[in-house]
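Visitor: This is the content of upload_6.csv (CSV, C-alpha atoms):
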```csv
chain,number,residue,atom,x,y,z
N,12,MET,CA,-16.7,-9.9,17.6
N,13,LEU,CA,-18.4,-10.3,14.3
N,14,GLN,CA,-18.9,-6.6,14.0
N,15,SER,CA,-15.3,-5.8,14.7
N,16,MET,CA,-14.2,-8.4,12.0
N,17,THR,CA,-16.5,-7.0,9.4
N,18,GLY,CA,-15.2,-3.5,10.3
N,19,ALA,CA,-11.7,-4.8,9.9
N,20,VAL,CA,-12.5,-6.2,6.4
N,21,GLU,CA,-14.1,-2.9,5.4
N,22,LEU,CA,-11.0,-1.0,6.4
N,23,GLY,CA,-8.7,-3.5,4.8
N,24,LEU,CA,-10.5,-3.1,1.5
N,25,MET,CA,-10.3,0.7,1.7
N,26,TYR,CA,-6.6,0.6,2.6
N,27,ALA,CA,-5.9,-2.0,-0.1
N,28,LEU,CA,-5.6,0.8,-2.7
N,29,LEU,CA,-3.0,2.4,-0.5
N,30,ALA,CA,-1.2,-0.9,-0.4
N,31,LEU,CA,-1.4,-1.3,-4.2
N,32,GLY,CA,0.2,2.2,-4.5
N,33,VAL,CA,3.0,1.3,-2.2
N,34,TYR,CA,3.5,-2.0,-4.0
N,35,ILE,CA,4.1,-0.1,-7.3
N,36,THR,CA,6.9,2.1,-5.9
N,37,PHE,CA,8.5,-0.2,-3.4
N,38,ARG,CA,8.3,-3.6,-5.2
N,39,ILE,CA,8.0,-2.7,-8.9
N,40,LEU,CA,10.1,0.4,-9.1
N,41,ASP,CA,12.3,-0.2,-6.0
N,42,PHE,CA,11.7,3.5,-5.1
N,43,PRO,CA,11.4,4.5,-1.5
N,44,ASP,CA,8.5,7.0,-1.9
N,45,LEU,CA,7.4,8.8,1.2
N,46,THR,CA,5.0,11.1,-0.7
N,47,VAL,CA,2.4,8.6,0.4
N,48,ASP,CA,1.9,10.2,3.8
N,49,GLY,CA,1.0,13.5,2.1
N,50,SER,CA,-1.0,12.2,-0.9
N,51,PHE,CA,-3.2,10.1,1.3
N,52,ALA,CA,-4.3,13.2,3.2
N,53,THR,CA,-4.6,15.1,0.0
N,54,GLY,CA,-7.0,12.6,-1.4
N,55,GLY,CA,-9.1,12.8,1.8
N,56,ALA,CA,-9.0,16.7,1.8
N,57,ILE,CA,-10.0,17.1,-1.8
N,58,ALA,CA,-12.9,14.7,-1.5
N,59,ALA,CA,-14.1,16.2,1.8
N,60,VAL,CA,-14.0,19.8,0.5
N,61,MET,CA,-15.7,19.0,-2.8
N,62,ILE,CA,-18.4,16.9,-1.2
N,63,SER,CA,-19.1,19.5,1.5
N,64,GLN,CA,-19.5,22.1,-1.3
N,65,GLY,CA,-22.1,20.1,-3.0
N,66,TYR,CA,-20.1,18.1,-5.7
N,67,ALA,CA,-21.1,14.5,-6.4
N,68,ALA,CA,-19.0,12.1,-4.4
N,69,TRP,CA,-17.7,10.2,-7.5
N,70,ILE,CA,-16.5,13.5,-9.0
N,71,ALA,CA,-14.8,14.4,-5.7
N,72,THR,CA,-13.1,10.9,-5.6
N,73,LEU,CA,-12.0,11.3,-9.3
N,74,ALA,CA,-10.5,14.8,-8.4
N,75,ALA,CA,-8.7,13.2,-5.5
N,76,PHE,CA,-7.2,10.7,-7.9
N,77,VAL,CA,-6.0,13.4,-10.3
N,78,CYS,CA,-4.4,15.4,-7.4
N,79,GLY,CA,-2.7,12.3,-6.3
N,80,LEU,CA,-1.3,11.8,-9.8
N,81,ALA,CA,0.0,15.3,-9.8
N,82,ALA,CA,1.7,14.9,-6.4
N,83,GLY,CA,3.4,11.7,-7.6
N,84,ALA,CA,4.5,13.4,-10.8
N,85,ILE,CA,6.2,16.2,-9.0
N,86,THR,CA,8.1,13.7,-6.8
N,87,GLY,CA,9.1,11.8,-10.0
N,88,LEU,CA,10.3,15.1,-11.7
N,89,LEU,CA,12.3,16.1,-8.6
N,90,HIS,CA,14.1,12.8,-8.7
N,91,THR,CA,14.5,12.3,-12.5
N,92,LYS,CA,14.9,15.9,-13.7
N,93,GLY,CA,16.1,17.6,-10.6
N,94,LYS,CA,18.5,14.8,-9.8
N,95,ILE,CA,17.4,14.7,-6.1
N,96,ASN,CA,17.8,11.5,-4.2
N,97,GLY,CA,14.6,9.4,-4.4
N,98,LEU,CA,14.1,9.2,-0.6
N,99,LEU,CA,14.7,13.0,-0.2
N,100,SER,CA,12.3,13.8,-3.1
N,101,GLY,CA,9.5,11.9,-1.3
N,102,ILE,CA,10.3,13.6,2.0
N,103,LEU,CA,10.3,17.1,0.4
N,104,MET,CA,7.0,16.5,-1.4
N,105,MET,CA,5.4,15.0,1.8
N,106,ILE,CA,6.4,18.1,3.8
N,107,ALA,CA,5.1,20.4,1.0
N,108,LEU,CA,1.8,18.5,0.9
N,109,TYR,CA,1.2,19.1,4.6
N,110,SER,CA,0.9,22.9,4.0
N,111,ILE,CA,-1.0,22.3,0.8
N,112,ASN,CA,-3.5,20.1,2.6
N,113,ILE,CA,-4.1,22.8,5.2
N,114,ARG,CA,-4.7,25.2,2.4
N,115,ILE,CA,-7.2,22.8,0.7
N,116,LEU,CA,-9.1,22.2,4.0
N,117,GLY,CA,-8.9,25.8,5.2
N,118,LYS,CA,-8.8,24.4,8.8
N,119,PRO,CA,-7.4,21.3,10.5
N,120,ASN,CA,-10.4,19.1,9.6
N,121,ILE,CA,-13.7,19.0,7.8
N,122,SER,CA,-16.8,17.0,8.8
N,123,LEU,CA,-18.8,14.9,6.3
N,124,ILE,CA,-21.6,14.2,8.6
N,125,ASN,CA,-25.1,14.4,7.1
N,126,VAL,CA,-23.8,14.7,3.5
N,127,ASP,CA,-24.1,12.2,0.7
N,128,THR,CA,-20.9,10.1,0.1
N,129,LEU,CA,-20.1,7.1,-2.0
N,130,PHE,CA,-21.2,4.9,0.8
N,131,SER,CA,-24.2,6.7,2.2
N,132,SER,CA,-26.9,4.4,0.8
N,133,ILE,CA,-25.2,1.2,2.1
N,134,ALA,CA,-23.5,2.4,5.3
N,135,SER,CA,-25.9,0.5,7.5
N,136,LYS,CA,-25.6,-2.8,5.6
N,137,ALA,CA,-22.3,-4.3,6.5
N,138,TRP,CA,-22.1,-7.2,4.0
N,139,GLN,CA,-23.5,-5.1,1.2
N,140,TYR,CA,-20.9,-2.5,2.1
N,141,ILE,CA,-18.1,-5.1,1.9
N,142,LEU,CA,-19.3,-6.5,-1.4
N,143,VAL,CA,-19.4,-3.0,-3.0
N,144,LEU,CA,-15.9,-2.2,-1.7
N,145,ALA,CA,-14.6,-5.6,-2.8
N,146,ALA,CA,-16.1,-5.0,-6.3
N,147,VAL,CA,-14.5,-1.6,-6.6
N,148,VAL,CA,-11.1,-2.8,-5.3
N,149,LEU,CA,-11.2,-5.8,-7.6
N,150,VAL,CA,-12.0,-3.7,-10.7
N,151,ILE,CA,-9.1,-1.3,-9.9
N,152,LYS,CA,-6.8,-4.3,-9.3
N,153,LEU,CA,-7.7,-5.9,-12.7
N,154,LEU,CA,-7.2,-2.6,-14.4
N,155,LEU,CA,-3.8,-2.3,-12.8
N,156,ASP,CA,-2.9,-5.9,-13.8
N,157,ALA,CA,-4.0,-5.1,-17.4
N,158,PHE,CA,-1.8,-1.9,-17.5
N,159,LEU,CA,1.2,-3.8,-16.1
N,160,HIS,CA,0.9,-6.2,-19.1
N,161,THR,CA,0.9,-3.4,-21.7
N,162,ASP,CA,4.1,-2.1,-23.4
N,163,ARG,CA,4.3,0.9,-21.0
N,164,GLY,CA,3.6,-1.4,-18.0
N,165,LEU,CA,6.3,-3.8,-19.1
N,166,ALA,CA,8.7,-0.9,-19.4
N,167,LEU,CA,7.8,0.2,-15.9
N,168,ARG,CA,8.5,-3.3,-14.5
N,169,ALA,CA,11.7,-3.6,-16.5
N,170,THR,CA,12.9,-0.2,-15.2
N,171,GLY,CA,12.5,-1.4,-11.6
N,172,ASP,CA,14.4,-4.6,-12.4
N,173,ASN,CA,17.3,-3.1,-14.2
N,174,LYS,CA,17.5,0.6,-15.1
N,175,ARG,CA,20.9,0.3,-16.8
N,176,MET,CA,19.8,-2.4,-19.2
N,177,ILE,CA,16.7,-0.4,-20.2
N,178,ARG,CA,18.9,2.7,-20.8
N,179,SER,CA,21.4,0.7,-22.9
N,180,LEU,CA,18.5,-0.5,-25.0
N,181,GLY,CA,17.4,3.1,-25.6
N,182,GLY,CA,14.5,3.1,-23.2
N,183,ASN,CA,13.5,6.2,-21.2
N,184,THR,CA,13.6,5.2,-17.6
N,185,ASP,CA,12.7,8.7,-16.4
N,186,THR,CA,9.2,8.5,-18.0
N,187,SER,CA,8.6,5.1,-16.5
N,188,ILE,CA,9.6,6.3,-13.0
N,189,ILE,CA,7.4,9.4,-13.2
N,190,LEU,CA,4.5,7.4,-14.5
N,191,GLY,CA,4.9,4.7,-11.8
N,192,ILE,CA,5.2,7.2,-8.9
N,193,SER,CA,2.2,9.2,-10.3
N,194,LEU,CA,0.0,6.1,-10.5
N,195,SER,CA,1.1,5.0,-7.1
N,196,ASN,CA,0.0,8.2,-5.4
N,197,GLY,CA,-3.2,8.4,-7.5
N,198,LEU,CA,-4.2,5.1,-5.9
N,199,VAL,CA,-3.1,6.3,-2.5
N,200,ALA,CA,-5.3,9.4,-2.9
N,201,ILE,CA,-8.3,7.3,-3.8
N,202,SER,CA,-7.8,5.3,-0.7
N,203,GLY,CA,-7.6,8.6,1.3
N,204,ALA,CA,-10.9,9.8,-0.3
N,205,PHE,CA,-12.6,6.5,0.6
N,206,VAL,CA,-11.4,6.6,4.2
N,207,ALA,CA,-12.5,10.2,4.6
N,208,GLN,CA,-16.0,9.4,3.3
N,209,ASP,CA,-16.2,6.3,5.5
N,210,SER,CA,-15.0,7.9,8.7
N,211,GLY,CA,-17.1,11.1,8.1
N,212,PHE,CA,-14.2,13.6,8.2
N,213,ALA,CA,-10.9,14.6,6.7
N,214,ASP,CA,-8.0,15.7,8.8
N,215,VAL,CA,-4.7,17.2,7.9
N,216,THR,CA,-2.8,14.5,9.9
N,217,MET,CA,-4.8,11.5,8.6
N,218,GLY,CA,-1.8,10.5,6.4
N,219,VAL,CA,0.8,10.1,9.1
N,220,GLY,CA,2.3,6.6,9.1
N,221,MET,CA,0.5,5.5,6.0
N,222,ILE,CA,3.7,4.3,4.4
N,223,VAL,CA,4.3,1.8,7.2
N,224,ILE,CA,0.7,0.5,6.9
N,225,GLY,CA,1.1,0.1,3.2
N,226,LEU,CA,4.4,-1.7,3.6
N,227,ALA,CA,3.0,-4.0,6.3
N,228,SER,CA,0.1,-5.0,3.9
N,229,VAL,CA,2.6,-5.7,1.1
N,230,ILE,CA,4.9,-7.8,3.2
N,231,ILE,CA,2.1,-9.8,5.0
N,232,GLY,CA,0.4,-10.5,1.6
N,233,GLU,CA,3.6,-11.7,0.0
N,234,ALA,CA,4.3,-13.9,3.0
N,235,ILE,CA,0.8,-15.5,2.7
N,236,ILE,CA,0.3,-15.8,-1.1
N,237,GLY,CA,3.6,-15.1,-2.7
N,238,THR,CA,4.5,-13.2,-6.0
N,239,ARG,CA,4.3,-15.8,-8.7
N,240,SER,CA,2.9,-13.4,-11.2
N,241,VAL,CA,1.5,-9.9,-11.4
N,242,PHE,CA,-2.0,-11.2,-10.8
N,243,TRP,CA,-1.0,-13.0,-7.6
N,244,ALA,CA,1.2,-10.2,-6.4
N,245,THR,CA,-1.5,-7.6,-6.5
N,246,LEU,CA,-4.0,-10.1,-5.0
N,247,ALA,CA,-1.5,-10.7,-2.2
N,248,VAL,CA,-1.3,-7.0,-1.5
N,249,ILE,CA,-5.1,-6.8,-1.1
N,250,VAL,CA,-5.2,-9.9,1.1
N,251,GLY,CA,-2.3,-8.5,3.2
N,252,SER,CA,-4.2,-5.3,3.8
N,253,ILE,CA,-7.3,-7.2,5.0
N,254,VAL,CA,-5.2,-9.6,7.2
N,255,TYR,CA,-3.3,-6.6,8.7
N,256,ARG,CA,-6.6,-5.0,9.8
N,257,ILE,CA,-7.9,-8.3,11.2
N,258,VAL,CA,-4.7,-8.7,13.2
N,259,LEU,CA,-5.1,-5.2,14.6
N,260,ALA,CA,-8.7,-5.9,15.5
N,261,LEU,CA,-7.8,-9.1,17.3
N,262,ALA,CA,-4.9,-7.4,19.1
N,263,TYR,CA,-7.3,-4.7,20.4
N,264,ARG,CA,-9.7,-7.3,21.6
N,265,ALA,CA,-7.0,-9.2,23.5
N,266,GLU,CA,-7.6,-7.8,27.0
N,267,PHE,CA,-4.4,-9.1,28.4
N,268,LEU,CA,-2.4,-6.8,26.1
N,269,HIS,CA,-4.1,-3.7,27.5
N,270,LEU,CA,-3.8,-1.9,24.2
N,271,LYS,CA,-5.3,1.6,23.5
N,272,SER,CA,-6.1,3.4,20.3
N,273,THR,CA,-2.9,5.4,20.7
N,274,ASP,CA,-0.9,2.2,20.4
N,275,LEU,CA,-1.8,1.9,16.7
N,276,LYS,CA,1.6,3.0,15.3
N,277,LEU,CA,3.5,0.8,17.8
N,278,ILE,CA,1.4,-2.3,16.8
N,279,THR,CA,1.9,-1.5,13.1
N,280,ALA,CA,5.7,-1.2,13.6
N,281,LEU,CA,5.7,-4.6,15.5
N,282,ILE,CA,3.7,-6.3,12.8
N,283,VAL,CA,6.1,-5.0,10.1
N,284,ILE,CA,9.1,-6.2,12.2
N,285,VAL,CA,7.6,-9.7,12.7
N,286,ALA,CA,6.7,-9.9,9.0
N,287,LEU,CA,10.3,-9.0,8.0
N,288,VAL,CA,12.1,-11.1,10.5
N,289,ILE,CA,10.1,-14.4,10.1
N,290,PRO,CA,11.1,-14.9,6.4
N,291,THR,CA,14.7,-14.1,7.3
N,292,ILE,CA,14.6,-16.8,10.1
N,293,ASN,CA,13.0,-19.3,7.8
N,294,ARG,CA,15.7,-18.7,5.1
N,295,HIS,CA,18.4,-19.1,7.7
N,296,TYR,CA,17.0,-22.5,8.9
N,297,LYS,CA,16.4,-23.7,5.4
N,298,GLN,CA,20.0,-22.8,4.4
N,299,LYS,CA,21.3,-24.5,7.5
N,300,SER,CA,19.2,-27.6,6.8
N,301,LEU,CA,20.4,-27.7,3.2
N,302,ALA,CA,24.0,-27.3,4.3
N,303,LYS,CA,23.6,-30.3,6.7
N,304,ARG,CA,22.0,-32.4,4.0
N,305,ARG,CA,24.7,-31.7,1.5
N,306,THR,CA,27.4,-32.4,4.2
N,307,ALA,CA,25.7,-35.7,4.9
N,308,GLU,CA,25.5,-36.6,1.2
N,309,LEU,CA,29.2,-35.7,0.7
N,310,ALA,CA,30.2,-37.8,3.7
N,311,ALA,CA,28.2,-40.7,2.4
N,312,ALA,CA,29.8,-40.4,-1.0
N,313,VAL,CA,33.3,-40.3,0.5
N,314,ARG,CA,32.5,-43.4,2.6
N,315,GLY,CA,31.2,-45.2,-0.5
N,316,LYS,CA,34.3,-44.4,-2.4
N,317,GLY,CA,36.4,-45.6,0.5
N,318,GLY,CA,34.5,-48.9,0.6
N,319,ILE,CA,35.2,-49.4,-3.1
```
What would you get if you wrote out this structure as structure tokens?

Guide:
Amino acid sequence: MLQSMTGAVELGLMYALLALGVYITFRILDFPDLTVDGSFATGGAIAAVMISQGYAAWIATLAAFVCGLAAGAITGLLHTKGKINGLLSGILMMIALYSINIRILGKPNISLINVDTLFSSIASKAWQYILVLAAVVLVIKLLLDAFLHTDRGLALRATGDNKRMIRSLGGNTDTSIILGISLSNGLVAISGAFVAQDSGFADVTMGVGMIVIGLASVIIGEAIIGTRSVFWATLAVIVGSIVYRIVLALAYRAEFLHLKSTDLKLITALIVIVALVIPTINRHYKQKSLAKRRTAELAAAVRGKGGI
């Protein structure tokens, strides 16, 4: 039980960067970017190929980040300069990246067994592994927070809130959109590089369904912590990623559910549905309760006037 929980926390931290990337596009920019499924695999492919060819793991991870930035920039350019619908831009780039990833790998998958990765020296020490991952994710989170408080970051957030207003003030929303999508996919690619190094292989299909996992993490985190500020919003995303993995681990351990590894996508979809439906139900009952209270107050006021 303890081993499965520590494993869930480790995976949650690695996928937290994916969730942060999804948070940038879906929550800050309000942009439905499906490039994520492709850029995640791109990050894993670049890292695996470079490490297997003798490059240092940190250089391979940095290269994965740069390639993720490039993939996101192309999606942004398709949308802003090519005037292609945002959803379609992401789909087109995702499809293109599938072929590109096969080209990068040269075959369906590459093994990283018996090669030095970022985690080779601590792979056998679970808590040390978690602490290192947590430190890396926390540093990236704080850097993202700092960026979002700069002038460029504020312009990015304002673009997501109200594009028309920014344009009327003379701001360039296209630049903000391209920057945001690039940064998002850069973080996603780092997550892919981490997962490939942790699992010991990179596969061309490893990015399938990543967008749903990222959304699940964002929604769960917001439901638990909320979004009072940028600091809390990004922290909520990280917590949501960890909680999501813990829920999956618990679900697999529940024998009465008879779940298999092939049920991962189904469980993910169900978690997202529950996370979306529960807040809606809560709002409905709160509104109903508020309406009843106002009706009672109005009736009391009318009776009071009648008594006078």

Visitor: To one decimal in Å, tell me the separation between atom CA of N:Leu226 and atom CA of N:Leu24.

Guide: 15.1 Å

Visitor: May I ask for the distance between atom CA of N:Ile35 and atom CA of N:Ile192, given in Å to one decimal place?

Guide: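 Going from atom CA of N:Ile35 over to atom CA of N:Ile192 covers 7.6 Å.
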
Visitor: Give the answer as one residue: which of N:Met105, N:Leu98, N:Val285, N:Ala68 has the shortest atom-to-atom distance to N:Asp127, using all atoms listed in the file?

Guide: N:Ala68

Visitor: Can you tell me which residues surround stretch 113-120 of chain N at a distance of at most 8 Å, considering only C-alpha atoms, apart from same-chain residues fewer than 5 positions away, and format the answer as a ChimeraX atom specification?

Guide: /N:56-57,60,212-215

Visitor: May I ask which of the residues N:Val20, N:Ala58, N:Leu287, N:Val248 is the closest one to N:Ser122, counting all atoms listed in the file?

Guide: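 Between N:Val20, N:Ala58, N:Leu287, N:Val248, the residue approaching N:Ser122 most closely is N:Ala58.
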
Visitor: Set the distance at 10 Å and use only C-alpha atoms: which residues neighbour N:Ala67 once local chain neighbours fewer than 4 positions away are removed? I'd like the list as a JSON list (two decimals) with C-alpha atoms, in the frame of the given file.

Guide:
```json
[["chain", "number", "residue", "atom", "x", "y", "z"],
["N", 58, "ALA", "CA", -12.90, 14.70, -1.50],
["N", 61, "MET", "CA", -15.70, 19.00, -2.80],
["N", 62, "ILE", "CA", -18.40, 16.90, -1.20],
["N", 63, "SER", "CA", -19.10, 19.50, 1.50],
["N", 71, "ALA", "CA", -14.80, 14.40, -5.70],
["N", 72, "THR", "CA", -13.10, 10.90, -5.60],
["N", 127, "ASP", "CA", -24.10, 12.20, 0.70],
["N", 128, "THR", "CA", -20.90, 10.10, 0.10],
["N", 129, "LEU", "CA", -20.10, 7.10, -2.00]]
```

Visitor: With only C-alpha atoms as the atoms that count, which of N:Ala280, N:Leu246, N:Ala302, N:Met221 lies nearest to N:Asp156?

Guide: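 Between N:Ala280, N:Leu246, N:Ala302, N:Met221, the residue approaching N:Asp156 most closely is N:Leu246.
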
Visitor: Could you check how far atom CA of N:Ser193 sits from atom CA of N:Ala234, in Å to one decimal?

Guide: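 Atom CA of N:Ser193 sits 26.7 Å away from atom CA of N:Ala234.
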
Visitor: Skip N:Gly32 itself and residues of its chain fewer than 4 positions away, then list as a count of residues only all residues within 6 Å of it, counting all atoms listed in the file.

Guide: 3

Visitor: Of the candidates N:Ala107, N:Ile124, N:Ile188, N:Ile70, which shows the shortest atom-to-atom distance to N:Ala169, using only C-alpha atoms?

Guide: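 Among the listed residues, the smallest separation from N:Ala169 belongs to N:Ile188.
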